[in-house]
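Encoded as structure tokens, the structure appears first; notes follow it.
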Amino acid sequence: MRLSRYFLPVLKQTPAEAQIPSHRLMMRAGMLRQEAAGIYAWLPLGHRVLRKIEAIVREEMDRAGAIELLMPTLQLADLWRESGRYDDYGAEMLRITDRHDRELLFGPTNEEMITEIFRAYVHSYKDLPKNLYHIQWKFRDELRPRFGVMRGREFLMKDAYSFDLDEQGGRASYNRMFVAYLRAFSRMGLKAIPMKAESGPIGGELSHEFIVLANTGESAVHLDRRILELEVPGEDLDYEGDLSSVVAAWTGYYAATEDVHDPARYERETAAVDRMTARGIEVGQTFFFGDKYSKPMKATVTGPDGAERAVQMGSYGVGVSRLVGAVIEASHDEDGIVWPAPVAPFGVGIVNLRPGDAAVDRACEHAYQALTRAGLEPLLDDTDERPGGKFATMDLIGLPWQLIIGPRALAEGKVELKRRADGERRSLTLAEALERLSQ
RNA sequence: CGGAGUGUGGCUCAGUCUGGUAGAGCACCGCGUUCGGGACGCGGGGGUCGCAGGUUCGAAUCCUGCCACUCCGACCA
């Protein structure tokens, strides 16, 4: 992409309403525009990051055997009356009436609908297990939206739903999602720690929250720091095999959010040197709730013994749009965002320090073509902005690499390659820089 | 929803107390000089002062109602 043709409205001043780093930086970097309380338009740069995070989540879900579909945002109230949640959910659910006075709602989650779909087609244990998911916009009418995309009212969520014949199968499905989450968050450059959780209005007794550690996180967490040393399974992991040992390892150390923290147990189970208190952001939650929905909604299958039984279900959510904020909270400095490469909106920024200078233009164009061919998604700053402004913008939007091409160094055959994460700069020939970037 | 605030050009804000017909910086447009870490000069454009009503000769300013947004708290991917 050429910056002169792109849509990147960066701000020099921070909008007054932005309180936390991710919100401030998303506004300043031209990623986001607020349209109403907790409701945002994703500008092109933000949208690219959102799509990258979504793609990672999708790949890991597919790898774990989940099957993607897409359900509507609007749901019939009657469906929610079947599960009894239409009244239970309260004011957080946005209720809508259409022109025929039919009662609808903007979905805050999809347990009811997926159960309705499942029961319409699946009747035999031979068709189990199944795990269906979608990535779709949700609406929850928060009392107080805040922190930008971290607590919006409209948000993009990946929600998966597993169906099994019995509890043992259900736990195996749960474990597959658990491990997929470890992998997905790790690929985004995040340290996400599973913590035992209350299941809240979703229900069930087995549940984990996945908490990303970040100084500015919304809740305090207490954990055994040894959990940070655990290795995330590689992509060669066999999801058909027994994953309980992986889950056991990751749940074997004390880790709890403030609201379920048990100081006595904490002191009993951890050595003083291993205790760590930090702040965290919840980016995902897994639930196993058995027949809570399948029973009232009559989602049953016939088992091998010929008897009908309600399927065992779990649901698994990831806050995709929140993750954009979470990544920034976990990775930024005083100059701006520092994107982990896998979620960076562009792979490298090429800075043309003197547009109009034939030699510089030619070198930039060559770099742009080569990096595009290499799949690195370069962003070429070919605008007339002054060099200082270009550097500030590049640092702000936080691309992993900056390739700086100007007349002075170029006269000596050199360009500068700067790594955003640590600020390391190297003077190289253009060929060397392109070689380095392509590795 | 309880408490506290804020709405003035695209952004950050002054002006409101004490009523007299709207300002600054940044951004934007033109010309020129510049150009390796957010340039400078000159000229220029842009505002129903959140909305509605009221008081007044006169309202951004005073009064009433409404709306939106922000912050603290309780609730949550």
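If you're wondering about the labels, chains in the structure tokens are A, B, ... by order shown, residues count from 1 in each chain, ligands from 1 in order shown.
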
How close does each residue of chain A get to chain B, giving the shortest atom pair and distance in Å to one decimal for every residue with an atom at most 9 Å away, counting only C-alpha atoms (C1' of nucleotides), sorted by chain and residue number, as a Markdown table?
```
| residue | atom | partner | partner_atom | distance |
| --- | --- | --- | --- | --- |
| A:Leu11 | CA | B:C11 | C1' | 7.4 |
| A:Lys12 | CA | B:C26 | C1' | 8.1 |
| A:Gln13 | CA | B:U12 | C1' | 6.6 |
| A:Thr14 | CA | B:U12 | C1' | 7.9 |
| A:Pro15 | CA | B:C11 | C1' | 7.2 |
| A:Ala16 | CA | B:U12 | C1' | 7.9 |
| A:Glu17 | CA | B:U70 | C1' | 6.0 |
| A:Ala36 | CA | B:C69 | C1' | 8.2 |
| A:Ala37 | CA | B:C69 | C1' | 7.3 |
| A:Arg140 | CA | B:C76 | C1' | 8.8 |
| A:Glu142 | CA | B:C76 | C1' | 7.3 |
| A:Leu143 | CA | B:C75 | C1' | 7.4 |
| A:Arg151 | CA | B:A77 | C1' | 8.6 |
| A:Phe155 | CA | B:A77 | C1' | 8.2 |
| A:Leu156 | CA | B:A77 | C1' | 8.9 |
| A:Met157 | CA | B:A77 | C1' | 7.0 |
| A:Glu282 | CA | B:A77 | C1' | 7.7 |
| A:Val283 | CA | B:A77 | C1' | 6.8 |
| A:Gly284 | CA | B:A77 | C1' | 6.5 |
| A:Gln285 | CA | B:A77 | C1' | 7.5 |
| A:Gly317 | CA | B:A77 | C1' | 6.6 |
| A:Val318 | CA | B:A77 | C1' | 6.4 |
| A:Gly319 | CA | B:A77 | C1' | 5.0 |
| A:Val320 | CA | B:A77 | C1' | 8.6 |
| A:Arg322 | CA | B:A77 | C1' | 7.9 |
| A:Leu353 | CA | B:G36 | C1' | 7.4 |
| A:Arg354 | CA | B:C35 | C1' | 7.6 |
| A:Arg386 | CA | B:C35 | C1' | 6.5 |
| A:Pro387 | CA | B:G37 | C1' | 6.9 |
| A:Gly388 | CA | B:G37 | C1' | 4.3 |
| A:Gly389 | CA | B:G38 | C1' | 4.3 |
| A:Lys390 | CA | B:G38 | C1' | 7.9 |
| A:Phe391 | CA | B:G37 | C1' | 6.3 |
| A:Ala392 | CA | B:G38 | C1' | 6.5 |
| A:Thr393 | CA | B:G38 | C1' | 8.7 |
| A:Gly406 | CA | B:G36 | C1' | 7.0 |
| A:Pro407 | CA | B:G36 | C1' | 8.6 |
| A:Arg408 | CA | B:G36 | C1' | 7.6 |
| A:Ala409 | CA | B:G36 | C1' | 8.8 |
```

Fill in: Residue contacts of G23 of chain B (12 Å, only C-alpha atoms (C1' of nucleotides)) excluding same-chain residues fewer than 2 positions away, as a ChimeraX atom specification
/B:8-9,13-15,25,47,49

So that I can check the surroundings of G32 of chain B, please list as a PDB file with C-alpha atoms (C1' of nucleotides), in the first residue's frame every protein, DNA and RNA residue that reaches within 12 Å of it, counting only C-alpha atoms (C1' of nucleotides) and ignoring chain neighbours fewer than 3 positions away.
```pdb
ATOM      1  C1'   C B  40       9.159  28.820   8.566  1.00  0.00           C
ATOM      2  C1'   G B  41       6.973  33.320   6.196  1.00  0.00           C
ATOM      3  C1'   C B  42       2.823  35.627   3.786  1.00  0.00           C
ATOM      4  C1'   G B  43      -2.207  35.006   2.302  1.00  0.00           C
TER       5        G B  43
END
```

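Proximity to Gly314 of chain A was assessed for A:Thr277, A:Ser173, A:Ser331, A:Gln136 counting only C-alpha atoms; the smallest distance is recorded for A:Ser173.
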
Fill in: Which of segment 301-382 of chain A fall in strand (DSSP E or B), as a list of chain:residue names
A:Val301, A:Thr302, A:Glu308, A:Arg309, A:Ala310, A:Gln312, A:Met313, A:Gly314, A:Ser315, A:Tyr316, A:Gly317, A:Val318, A:Gly319, A:His332, A:Asp333, A:Gly336, A:Ile337, A:Val348, A:Gly349, A:Ile350, A:Val351, A:Asn352, A:Pro378, A:Leu379, A:Leu380, A:Asp381

Discussion item. For the structure I just gave you, how does DSSP split segment 207-419 of chain A - specifically, which residues are helix (DSSP H, G or I)? Reply as a PyMOL selection string.
Written reply: chain A and resi 225-229+244-250+258-260+263-269+272-274+320-330+341-343+358-373+387-397+407-411

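Among the candidate residues B:G45, B:U61, B:C67, B:C17, the one lying nearest to C29 of chain B is B:G45, with distances computed using only C-alpha atoms (C1' of nucleotides).
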
Practice prompt. Tell me which protein, DNA and RNA residues are within 6 Å of Ala310 of chain A, counting only C-alpha atoms (C1' of nucleotides), leaving out same-chain ones fewer than 2 positions away, and put them as a count of residues only.
Written response: 4

Shell around Gly349 of chain A at 7 Å using only C-alpha atoms (C1' of nucleotides), local window under 5 positions removed, as a PDB file with N, CA and C atoms, in the first residue's frame:
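Okay, result-v6.pdb is ready:
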```
ATOM      1  N   PRO A 378       4.267  -4.363   2.408  1.00  0.00           N
ATOM      2  CA  PRO A 378       4.885  -3.094   2.782  1.00  0.00           C
ATOM      3  C   PRO A 378       3.896  -1.931   2.727  1.00  0.00           C
ATOM      4  N   LEU A 379       4.132  -0.943   3.569  1.00  0.00           N
ATOM      5  CA  LEU A 379       3.404   0.326   3.496  1.00  0.00           C
ATOM      6  C   LEU A 379       4.442   1.376   3.119  1.00  0.00           C
ATOM      7  N   LEU A 380       4.300   1.943   1.930  1.00  0.00           N
ATOM      8  CA  LEU A 380       5.298   2.896   1.435  1.00  0.00           C
ATOM      9  C   LEU A 380       4.838   4.319   1.728  1.00  0.00           C
ATOM     10  N   MET A 394       5.403   6.400  11.662  1.00  0.00           N
ATOM     11  CA  MET A 394       5.837   4.998  11.600  1.00  0.00           C
ATOM     12  C   MET A 394       5.968   4.403  13.000  1.00  0.00           C
ATOM     13  N   LEU A 399       4.741  -0.691  12.934  1.00  0.00           N
ATOM     14  CA  LEU A 399       5.074  -1.836  12.080  1.00  0.00           C
ATOM     15  C   LEU A 399       6.397  -2.433  12.553  1.00  0.00           C
ATOM     16  N   TRP A 401       9.071  -3.413  11.123  1.00  0.00           N
ATOM     17  CA  TRP A 401      10.296  -2.899  10.516  1.00  0.00           C
ATOM     18  C   TRP A 401      10.042  -1.583   9.808  1.00  0.00           C
ATOM     19  N   GLN A 402      11.092  -0.750   9.799  1.00  0.00           N
ATOM     20  CA  GLN A 402      11.055   0.469   8.991  1.00  0.00           C
ATOM     21  C   GLN A 402      12.287   0.461   8.081  1.00  0.00           C
ATOM     22  N   LEU A 403      12.028   0.613   6.804  1.00  0.00           N
ATOM     23  CA  LEU A 403      13.111   0.703   5.831  1.00  0.00           C
ATOM     24  C   LEU A 403      13.193   2.160   5.396  1.00  0.00           C
TER      25      LEU A 403
END
```

Item to complete: Mind checking which residues fall within 12 Å of A52 of chain B, counting only C-alpha atoms (C1' of nucleotides), ignoring those fewer than 4 positions away in the same chain, and posting them as JSON, numbers by chain?
Response: {"B": [64, 65, 66, 67]}

Take the residues from that selection and write them out as a PDB file, in the first residue's frame, keeping N, CA and C atoms (P, O5', C5', C4', C3', O3' and C1' of nucleotides).
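Generated file (part-v6.pdb):
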```
ATOM      1  P     U B  64     -32.909  26.207  36.038  1.00  0.00           P
ATOM      2  O5'   U B  64     -34.066  25.674  35.085  1.00  0.00           O
ATOM      3  C5'   U B  64     -35.428  25.788  35.482  1.00  0.00           C
ATOM      4  C4'   U B  64     -36.326  25.239  34.411  1.00  0.00           C
ATOM      5  C3'   U B  64     -35.954  23.867  33.872  1.00  0.00           C
ATOM      6  O3'   U B  64     -36.393  22.823  34.714  1.00  0.00           O
ATOM      7  C1'   U B  64     -36.424  25.313  32.061  1.00  0.00           C
ATOM      8  P     G B  65     -35.576  21.424  34.759  1.00  0.00           P
ATOM      9  O5'   G B  65     -35.959  20.748  33.372  1.00  0.00           O
ATOM     10  C5'   G B  65     -37.300  20.324  33.134  1.00  0.00           C
ATOM     11  C4'   G B  65     -37.494  19.982  31.683  1.00  0.00           C
ATOM     12  C3'   G B  65     -36.586  18.905  31.121  1.00  0.00           C
ATOM     13  O3'   G B  65     -37.013  17.598  31.454  1.00  0.00           O
ATOM     14  C1'   G B  65     -36.673  20.711  29.617  1.00  0.00           C
ATOM     15  P     C B  66     -35.915  16.418  31.597  1.00  0.00           P
ATOM     16  O5'   C B  66     -35.458  16.162  30.090  1.00  0.00           O
ATOM     17  C5'   C B  66     -36.367  15.574  29.155  1.00  0.00           C
ATOM     18  C4'   C B  66     -35.849  15.727  27.752  1.00  0.00           C
ATOM     19  C3'   C B  66     -34.582  14.960  27.421  1.00  0.00           C
ATOM     20  O3'   C B  66     -34.823  13.590  27.153  1.00  0.00           O
ATOM     21  C1'   C B  66     -34.394  17.154  26.586  1.00  0.00           C
ATOM     22  P     C B  67     -33.704  12.493  27.551  1.00  0.00           P
ATOM     23  O5'   C B  67     -32.635  12.706  26.386  1.00  0.00           O
ATOM     24  C5'   C B  67     -33.007  12.548  25.027  1.00  0.00           C
ATOM     25  C4'   C B  67     -31.873  12.980  24.123  1.00  0.00           C
ATOM     26  C3'   C B  67     -30.522  12.344  24.423  1.00  0.00           C
ATOM     27  O3'   C B  67     -30.420  11.037  23.895  1.00  0.00           O
ATOM     28  C1'   C B  67     -30.232  14.659  24.103  1.00  0.00           C
TER      29        C B  67
END
```

Practice prompt. Considering only C-alpha atoms (C1' of nucleotides), return as JSON, numbers by chain whatever protein or nucleic-acid residues lie within 12 Å of Gly90 of chain A, sequence-local ones (same chain, fewer than 3 positions apart) excluded.
Written response: {"A": [80, 84, 85, 86, 87, 93, 94, 95, 105, 108, 140, 141, 142, 143, 201], "B": [75]}
